[in-house]
Every structure is written in C-alpha cells, then in structure tokens.
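Peer 1: Sharing a structure with you now.
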There are 2 protein chains.
Amino acid sequence: MSPMFVPGPVDVAEDVLQAQARPILPHRSPEFETIFHRAEQKARKLFYTQYRVFITASSGTGLQEAAVRNLAKEKVLACVNGAFGKRWAEVAETNGKKVTRLEAEWGQPITPEAVAEALKQDHYEIITVVHNETSVGLENPIKDIAAVVHEVSPDTLICVDAVSSLGGAKLEMDAWGLDMVLTSSQKCLALPPGLALGAVSDRAMERAKDVPNRGWYFDFIRLEKHRLKDSTPATPAVSLVYALDYQLDRILKEGLENRFARHEAMAKRVRSWALDRGFKLLAAEGYRSKTVTSIVNEHGLDVNEINEFLLKRDMRIANGYGALKGKTFRIAHMGELQMSDIDTLLAALDEFLQQKGVL
Amino acid sequence: MSPMFVPGPVDVAEDVLQAQARPILPHRSPEFETIFHRAEQKARKLFYTQYRVFITASSGTGLQEAAVRNLAKEKVLACVNGAFGKRWAEVAETNGKKVTRLEAEWGQPITPEAVAEALKQDHYEIITVVHNETSVGLENPIKDIAAVVHEVSPDTLICVDAVSSLGGAKLEMDAWGLDMVLTSSQKCLALPPGLALGAVSDRAMERAKDVPNRGWYFDFIRLEKHRLKDSTPATPAVSLVYALDYQLDRILKEGLENRFARHEAMAKRVRSWALDRGFKLLAAEGYRSKTVTSIVNEHGLDVNEINEFLLKRDMRIANGYGALKGKTFRIAHMGELQMSDIDTLLAALDEFLQQKGVL
C-alpha cells in the first residue's frame, strides 16, 4: 500500500478491499438482510447513538441534501467557515430553502456566542454545521454549539456534517443532543467511497413527517420503513455494505478511543513539524482538526512539485481546497495511517525542503 | 459462481468482482480522471448515444428522481403498467410535480395510441416510461411511443427507465429521439449495485437550465460542469467505477448485438418451457421481456419451496413483485447467464414439478 495523505478517498486496507469482492447477494435475501442489520447496529457505535443509522448509496453530500429536504420546510441557519459548510448552504438553497449564513473567517471557528446571537435574531427550523472542515483543517466546537442551541432555540434541529471526522475524532450524538449526523465511507472509516451514513434522532423523524416535498430517494420516512425490515427502499450498494460490515469489526476491534488517540497523536506530530519548519497553520489554535492539517504555504513552494517528489516515493498529499490551492497544502492523518507513515512522509518533506534551500 | 436467476442484483463475474478491489485512487487525480473518462465514453455505446452519460453514486431510482427534478417544472405524464412505472409516478409526486398517470393493466403494454390520446388531451413537459418492466416481465414499445410523442407533442421530453434492459435488449436513444435514458449497474450490465448511469440529450440539458429547485446531488447542470472535467461534483464510487470500466470492455468484446441475441435466445427458451408445462405468461404476446420472464403460477406452487429446492443446487429464482408474490414467479435471464445455465435451471425445475406431480 502506497500511503496517501489526502483527506479522502483514503487508502483502504487490502482485506477490506477484498471484502467487496465477495459474490453479490440479492438485497432482499435473508442472508443480505442479516449483514445489513449487523452493519447498522455496529454503525450506531461510531455515532454514539441509540437511534437509527441510514446507510445510503450516495456520497455524504447526498445526505446533506437529505437533511435539508427532510427537516426544514423553509428556514435554515447554515454555519459557513469552509468549503463544506458553504456547500451545505448551497444544497439548501438549490432545494428551495431560505438560508441565512452564519459566517466565520476560514480558519476561525463558528463560536457558540455567534450561534446564540443568530438564534436570538430569528427562528430557524434547523442549523447546519460541519464538525471537521476538511478544506481548512478546522474542528468546530459542536458540543458547545449544541448546548447554546438547546438553550436559546430548543426546537431548532441540529444537523452535523461529520464526513471527515466520524471514526477519527469523537462526536457523541446522543450525549450532545444532535438530531442528525452524517458521514461518508471514504474518510476516517477508510472504506471505498460510495456509501453515506446518516444517524437521525427520534424527534427529527417526527419533524420529517410534517415536511412536504421530501422527495423519494433520500426520504427519511421511507428509509425508516425499510430499515425496520433490514432493507432499503431502492437497491443498496451490496459490495460496499460488505466492506462496511467488515471494516466496522476492524474499527471496533482497534477500539474507538484508541482510534481517536491515534488520529490525535498523528495530528500533533504534523502540526509541530510544520510550526518547527516556519510554516503557519490555517486553523486557529484550539480548533485544529485531528484528522487533517492545513498548512499555510509560507515558503512559496510549488505544491504540484511537492507531490511529484512524493509520488516517486509512492506518497501524496493534498493541495489547498478551491481558492486556497497553492496558498495552502494539506496533510491528512486519517483512516488506516499510522505514526510510522507520518514519520516517513515528514522525513521526505524535510528532504524536499532541503533541496529547495528552506531547511 | 452459483447462478442466480433473479432480476438484479445479478451474479457478477469473478474478474469484475476483483476489479473493485484495486487500490483506491483519489477521485481528483489524473489517474482516476482517465478511468472515469474512458468509462463514460464506452457507456455511450450501450445507450446508442452521442450525448453525455452521467455516472452517479446511487441506484437507478436516484436517476428517476433526477429526471423529474431536472426536466419538469410541473407537469409529468407517467406511464404505469408495472411496479417501476408506478414508482416513477410516486417519485415525481413526492418531488412536488403534478402527475397524470397513463395506466395499462399489468401485463399489457403502454400503447402508442394511448400515449397519443393522452398528449392530445393535455400538455406535458415530460413523459416517463419504463422500457422493461421488471415486475411483470414486459417490454414497452419505446420506439413507437417515442414516434407518437414526436408527432403529437414534439416539445415533450421522453424519459425512459431502462434499468433492467440496457445492455440486454436494444434501445437506441439517439435514433429513437429519447431525451433521457437511465439504467443501473446490477442488472444486464452484471455489475455490483451502487452505480446509476443516465444519458441526457442536448435539448434536455437546455430544458434543465430553466427548471428551478433542481437540488444539488442530482443536478444535471452541475453534473455536466464536472463531467467536462472528467469528474463529478461529489465523490464518485471509485471501486464501482473501476468495475464499470472493466466490465464495459468485456461487454463490448462480446459485442452488443451478440449480447442482445444471447438474452433473447434465453428468453425464448424460458417462455417455451413455461408454456409447454401449462403455465401462462403474465406479459402479453409480442411484448414479452427479453431479460426476465414472469410466469403465472397456474399450478399453485409454493415459490418459497421452489427456492428451497433450488438453493440446494446453488440456484435461485425470484418471487412475484409486491402484490404478485405467490401469484407469479420470475426467471431472469440477464447479465452473465448463458443458455447452459438456463438449461440447468429448467431441468431442476422439471424435477421439482415431477416431485409435485405436475409433470
């Protein structure tokens, strides 16, 4: 395996890749329903929830769309401090919702104070916020944000995008009182892309019943009706569900707390490496992501040239996202990566910096 | 491989299963873009189109939703003579469209005459029709239906669900003047489920520009913008795209005409077996599916018992769909199946009938 330090799709372990290659079962067979059932049960542990987890054949963005279509008739407060918070606002707007953006500078967190202020000014059916902003390497303080939502506007449903954090950084859905948490397969879960997982609270399910125009493909009520029979309304991605079922065993065997600790230790190593080399970090201190670090390109390096250098060693990192391309570069430390992989990468980057006369 | 005679998910060849298991590439890498590009180019041949093919991480139903959201502001004429035509009408309604159903008895085709009549009575932005109704084993006469739509209401866009026929029975999108044709991976293409393919004409793309509230995940305009860069707006199902790319080579190597002939020959064999044994066929003569045969359970057999019998021989057939359960059973002859598989199945079924005293 040639390690990729990109924030998804990440490397997938060989035995997990092989789990996809088992013969395809009919999705309405008892054999497949057994697999689907146990995968859903295990997935709940990742979310720290006792509620249901919908497993959809889609990317995580599909479930961003599901959240706004199922839970808001009209008014959405969208927290935006990176590309995926911005995307969620656009998803809501393109689905006909009235969106108010609560923005913070990219690299700065969405603060509980700003959320409280916004909720005092108007009433919203849902608030959307990204746990781990992959684009800027920042973790928003979801627990504290949720606490102020409960205090200031208790009937506002809290929807969290945990695409690049779930399974890599702790997020406790039930204890924090979150109503919907979504993730996708190809980030910290270290699975092939093509599956999304969405955990939904009972009160969110109740709300969905009153929302018209929910559509069909991502309709929570329809998904729930079939989930109760260990199935899905449309054909599920059978081979990816095999891989999910298998990988959840691997993840739970490692232990979630151990997994979070591994991610955080790699994050700390990368951050201190960058700071020691005279780089700055894009995300503010105290809010730095545990799964991906965004490094400000202080030394004016050519990121494509870095990757050409790394690819010769079978490694790659990620450029900055969108408008941040060239201005930042990103090192992901998620999924199956180990500290030894990080050490190998950082040694190679040091070699590159020496060649460029930076070190 | 233990052959399954169910109308999807079907058996997938071992080397196609293995194609999924290659290491995951980042979707925005040149290496993956090359694969995505050539898969899309090859997919056009299946549709007999020079237009674009969108490859989405979803089931075929996701693209039923895409059709109605992208191409109709309001009025949809939905042809219903089976479960999937019915589903498409429901998909349109749950997405807020005003739907008129053109119904035919299950087992009878949607006729061009009935379509002409409906189009004379009112104006519709789109007509939805299923090519091959998996639920009843019937092929609707799409070419003739399209001809009357062009004559009576030329600006009505023609949307065709070819989920259980594309790659198994001929459908010529451009020559017949169809505007959108959708399919999914797990039927005649003999791939794992989780991918859908939708071919869209230029005039449908023009229409989409004027339709509000198209959403994000299945928005044709957004999909096209990214397709032109050999990519997708959200993360694609990388491992399933590997399998698609690989399997399209296999399919084109067999030759589409050969593939259609193989499916039709298997269909004829199954039909005459059933008629010879005193069964009736659900679909009217002249409209019988080339990919799945629905057999009326004249002898009052227990379909579950048939499958228990067959499973001991590593085979299985499908029960009737929904309300037809027990009243019909279905033998699929699609994907990788060969005449020798059909012969093995029919010999086993004869043995079962002998045990039951029917033969």
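Going through the structure tokens in order, the chains are called A, B, and so on, while each chain numbers its residues from 1 and the ligands are numbered from 1 in the order shown.
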With 6 Å as the limit and counting only C-alpha atoms, what residues in chain A lie close to chain B? Please list them as number ranges by chain.

Peer 2: A: 9, 17-18, 21, 26, 57-58, 62, 91, 94-96, 193-194, 213, 215-217, 237

Peer 1: Next, dump the selected residues to file, keeping only N, CA and C atoms, as a PDB file, in the first residue's frame.

Peer 2:
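File produced: out_14.pdb:
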ATOM      1  N   PRO A   9     -10.741  10.318  -1.020  1.00  0.00           N
ATOM      2  CA  PRO A   9     -10.729   8.937  -0.545  1.00  0.00           C
ATOM      3  C   PRO A   9      -9.355   8.557  -0.022  1.00  0.00           C
ATOM      4  N   LEU A  17     -10.602  -4.121   0.974  1.00  0.00           N
ATOM      5  CA  LEU A  17     -10.824  -4.117  -0.481  1.00  0.00           C
ATOM      6  C   LEU A  17     -11.378  -5.468  -0.925  1.00  0.00           C
ATOM      7  N   GLN A  18     -10.800  -6.524  -0.385  1.00  0.00           N
ATOM      8  CA  GLN A  18     -11.228  -7.868  -0.780  1.00  0.00           C
ATOM      9  C   GLN A  18     -12.638  -8.195  -0.287  1.00  0.00           C
ATOM     10  N   ALA A  21     -15.244  -7.966  -2.776  1.00  0.00           N
ATOM     11  CA  ALA A  21     -15.215  -8.865  -3.933  1.00  0.00           C
ATOM     12  C   ALA A  21     -15.947 -10.184  -3.710  1.00  0.00           C
ATOM     13  N   PRO A  26     -28.609 -11.227  -3.455  1.00  0.00           N
ATOM     14  CA  PRO A  26     -29.808 -10.407  -3.697  1.00  0.00           C
ATOM     15  C   PRO A  26     -30.094  -9.586  -2.437  1.00  0.00           C
ATOM     16  N   ALA A  57     -26.785   4.598  -0.692  1.00  0.00           N
ATOM     17  CA  ALA A  57     -25.890   4.536  -1.845  1.00  0.00           C
ATOM     18  C   ALA A  57     -25.764   5.959  -2.374  1.00  0.00           C
ATOM     19  N   SER A  58     -24.804   6.689  -1.838  1.00  0.00           N
ATOM     20  CA  SER A  58     -24.574   8.087  -2.221  1.00  0.00           C
ATOM     21  C   SER A  58     -23.284   8.551  -1.577  1.00  0.00           C
ATOM     22  N   GLY A  62     -25.094  13.723  -0.604  1.00  0.00           N
ATOM     23  CA  GLY A  62     -26.467  13.238  -0.737  1.00  0.00           C
ATOM     24  C   GLY A  62     -27.223  13.368   0.585  1.00  0.00           C
ATOM     25  N   VAL A  91     -26.594  23.602  -1.034  1.00  0.00           N
ATOM     26  CA  VAL A  91     -27.507  22.460  -1.145  1.00  0.00           C
ATOM     27  C   VAL A  91     -28.900  22.865  -0.662  1.00  0.00           C
ATOM     28  N   THR A  94     -30.452  25.345  -3.291  1.00  0.00           N
ATOM     29  CA  THR A  94     -30.860  24.704  -4.544  1.00  0.00           C
ATOM     30  C   THR A  94     -32.045  23.759  -4.321  1.00  0.00           C
ATOM     31  N   ASN A  95     -32.347  23.483  -3.052  1.00  0.00           N
ATOM     32  CA  ASN A  95     -33.545  22.711  -2.742  1.00  0.00           C
ATOM     33  C   ASN A  95     -34.686  23.605  -2.269  1.00  0.00           C
ATOM     34  N   GLY A  96     -34.552  24.894  -2.552  1.00  0.00           N
ATOM     35  CA  GLY A  96     -35.667  25.811  -2.331  1.00  0.00           C
ATOM     36  C   GLY A  96     -35.827  26.321  -0.908  1.00  0.00           C
ATOM     37  N   PRO A 193     -15.247   4.893  -1.444  1.00  0.00           N
ATOM     38  CA  PRO A 193     -16.366   5.835  -1.495  1.00  0.00           C
ATOM     39  C   PRO A 193     -17.606   5.213  -2.128  1.00  0.00           C
ATOM     40  N   GLY A 194     -18.755   5.811  -1.861  1.00  0.00           N
ATOM     41  CA  GLY A 194     -19.996   5.368  -2.479  1.00  0.00           C
ATOM     42  C   GLY A 194     -21.102   5.078  -1.485  1.00  0.00           C
ATOM     43  N   ASN A 213     -42.722  17.546   0.299  1.00  0.00           N
ATOM     44  CA  ASN A 213     -41.740  17.597  -0.780  1.00  0.00           C
ATOM     45  C   ASN A 213     -40.373  17.048  -0.368  1.00  0.00           C
ATOM     46  N   GLY A 215     -39.139  14.355  -1.353  1.00  0.00           N
ATOM     47  CA  GLY A 215     -38.561  13.528  -2.408  1.00  0.00           C
ATOM     48  C   GLY A 215     -38.708  12.052  -2.078  1.00  0.00           C
ATOM     49  N   TRP A 216     -38.048  11.215  -2.839  1.00  0.00           N
ATOM     50  CA  TRP A 216     -38.183   9.771  -2.691  1.00  0.00           C
ATOM     51  C   TRP A 216     -36.856   9.142  -2.261  1.00  0.00           C
ATOM     52  N   TYR A 217     -35.796   9.472  -2.975  1.00  0.00           N
ATOM     53  CA  TYR A 217     -34.545   8.726  -2.813  1.00  0.00           C
ATOM     54  C   TYR A 217     -33.959   8.870  -1.409  1.00  0.00           C
ATOM     55  N   ALA A 237     -25.932  -0.560  -2.180  1.00  0.00           N
ATOM     56  CA  ALA A 237     -24.630  -0.879  -2.785  1.00  0.00           C
ATOM     57  C   ALA A 237     -24.050  -2.089  -2.062  1.00  0.00           C
TER      58      ALA A 237
END

Peer 1: Mind checking which residues fall within 7 Å of Cys79 (chain A), counting only C-alpha atoms, ignoring those fewer than 3 positions away in the same chain, and posting them as a PyMOL selection string?

Peer 2: chain A and resi 85+101-103+110+128-129

Peer 1: Could you name the residues that touch Asp155 (chain A) at 9 Å or less, counting only C-alpha atoms, but leaving out those on the same chain fewer than 3 positions away, as a list in words?

Peer 2: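 Skipping anything fewer than 3 positions along the chain leaves Tyr124, Glu125, Ile126, Val149 and His150 of chain A.
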
Peer 1: Can you write just those residues out, C-alpha atoms, as a PDB file, in the first residue's frame?

Peer 2:
ATOM      1  CA  TYR A 124     -34.779  28.517  12.297  1.00  0.00           C
ATOM      2  CA  GLU A 125     -36.083  25.003  11.846  1.00  0.00           C
ATOM      3  CA  ILE A 126     -32.585  23.588  11.521  1.00  0.00           C
ATOM      4  CA  VAL A 149     -28.914  25.835  20.534  1.00  0.00           C
ATOM      5  CA  HIS A 150     -30.672  23.784  23.207  1.00  0.00           C
TER       6      HIS A 150
END

Peer 1: Just how far from CA of Arg259 (chain B) is CA of Ser135 (chain B), in Å to one decimal?

Peer 2: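 Rounded to one decimal, the two atoms are 22.2 Å apart.
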
Peer 1: Give me, as a ChimeraX atom specification, the residues of region 83-269 of chain B that a backbone DSSP run labels strand (DSSP E or B).

Peer 2: /B:98-103,126-130,132-133,138-139,157-161,166,169,180-184,195-200

Peer 1: Could the residues in this selection be saved with C-alpha atoms as a compact mmCIF listing (two decimals), in the first residue's frame?

Peer 2:
# COMPACT_ATOMS: atom_id res chain seq x y z
CA LYS B 98 -48.27 17.34 -10.91
CA VAL B 99 -48.56 13.82 -12.27
CA THR B 100 -51.08 12.34 -14.67
CA ARG B 101 -50.96 8.55 -14.83
CA LEU B 102 -51.45 6.76 -18.10
CA GLU B 103 -52.23 3.26 -16.89
CA ILE B 126 -42.06 15.17 -19.84
CA ILE B 127 -43.36 11.67 -20.30
CA THR B 128 -41.87 8.88 -18.18
CA VAL B 129 -41.99 5.29 -19.36
CA VAL B 130 -40.24 2.09 -18.37
CA ASN B 132 -38.57 -3.23 -19.43
CA GLU B 133 -41.00 -3.66 -16.53
CA LEU B 138 -42.87 -6.83 -20.14
CA GLU B 139 -41.15 -4.65 -22.71
CA LEU B 157 -39.21 15.29 -23.31
CA ILE B 158 -39.12 11.49 -23.40
CA CYS B 159 -37.61 9.89 -20.30
CA VAL B 160 -37.04 6.14 -20.29
CA ASP B 161 -36.16 3.82 -17.42
CA LEU B 166 -29.89 -1.69 -21.03
CA ALA B 169 -32.11 -5.56 -25.08
CA MET B 180 -33.11 10.77 -21.04
CA VAL B 181 -32.40 7.10 -20.55
CA LEU B 182 -31.37 5.73 -17.19
CA THR B 183 -30.07 2.41 -16.00
CA SER B 184 -28.33 0.89 -13.04
CA LEU B 195 -23.95 3.00 -9.65
CA ALA B 196 -26.53 4.51 -11.95
CA LEU B 197 -25.97 5.72 -15.50
CA GLY B 198 -28.09 8.41 -17.10
CA ALA B 199 -27.74 9.54 -20.72
CA VAL B 200 -29.17 13.00 -21.37

Peer 1: What is the distance, in Å and to one decimal place, between CA of Asp276 (chain B) and CA of Thr328 (chain B)?

Peer 2: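 These two atoms are separated by 16.6 Å.
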
Peer 1: Please provide the set of residues having any atom within 10 Å of Asp341 (chain A), restricted to only C-alpha atoms, with same-chain residues fewer than 3 positions apart removed, written as a count of residues only.

Peer 2: 14

Peer 1: From the options B:Trp176, B:Leu189, B:Ala261, B:Ala67, which residue's atoms come nearest to Asp249 (chain B), counting only C-alpha atoms?

Peer 2: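 Smallest separation from Asp249 (chain B) among the options: B:Leu189.
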
Peer 1: Work out how far apart CA of Leu46 (chain A) and CA of Leu248 (chain A) are and give it in Å to one decimal.

Peer 2: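 So the two atoms, CA of Leu46 (chain A) and CA of Leu248 (chain A), lie 8.8 Å apart.
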
Peer 1: Compile the contact shell of Val270 (chain B) as a PyMOL selection string: residues with an atom at most 10 Å away, counting only C-alpha atoms, same-chain residues fewer than 4 positions apart removed.

Peer 2: chain B and resi 264-266+274-276+292-295+331-333+339+342-343+345-346

Peer 1: When distances are computed from only C-alpha atoms, which of B:Lys268, B:Lys45, B:His123, B:Arg203 shows the smallest separation from Gly286 (chain B)?

Peer 2: B:Lys268

Peer 1: Using only C-alpha atoms, find the one residue out of B:Val241, B:Ala348, B:Ile317, B:Leu324 that sits nearest to Thr34 (chain B).

Peer 2: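 Checking each candidate against Thr34 (chain B), we get B:Val241 as the closest.
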
Peer 1: Taking into account only C-alpha atoms, which residue in the set A:Thr156, A:Asn319, A:Asn304, A:Gln247 is nearest to Ala72 (chain A)?

Peer 2: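 Among A:Thr156, A:Asn319, A:Asn304, A:Gln247, it is A:Thr156 that comes nearest to Ala72 (chain A).
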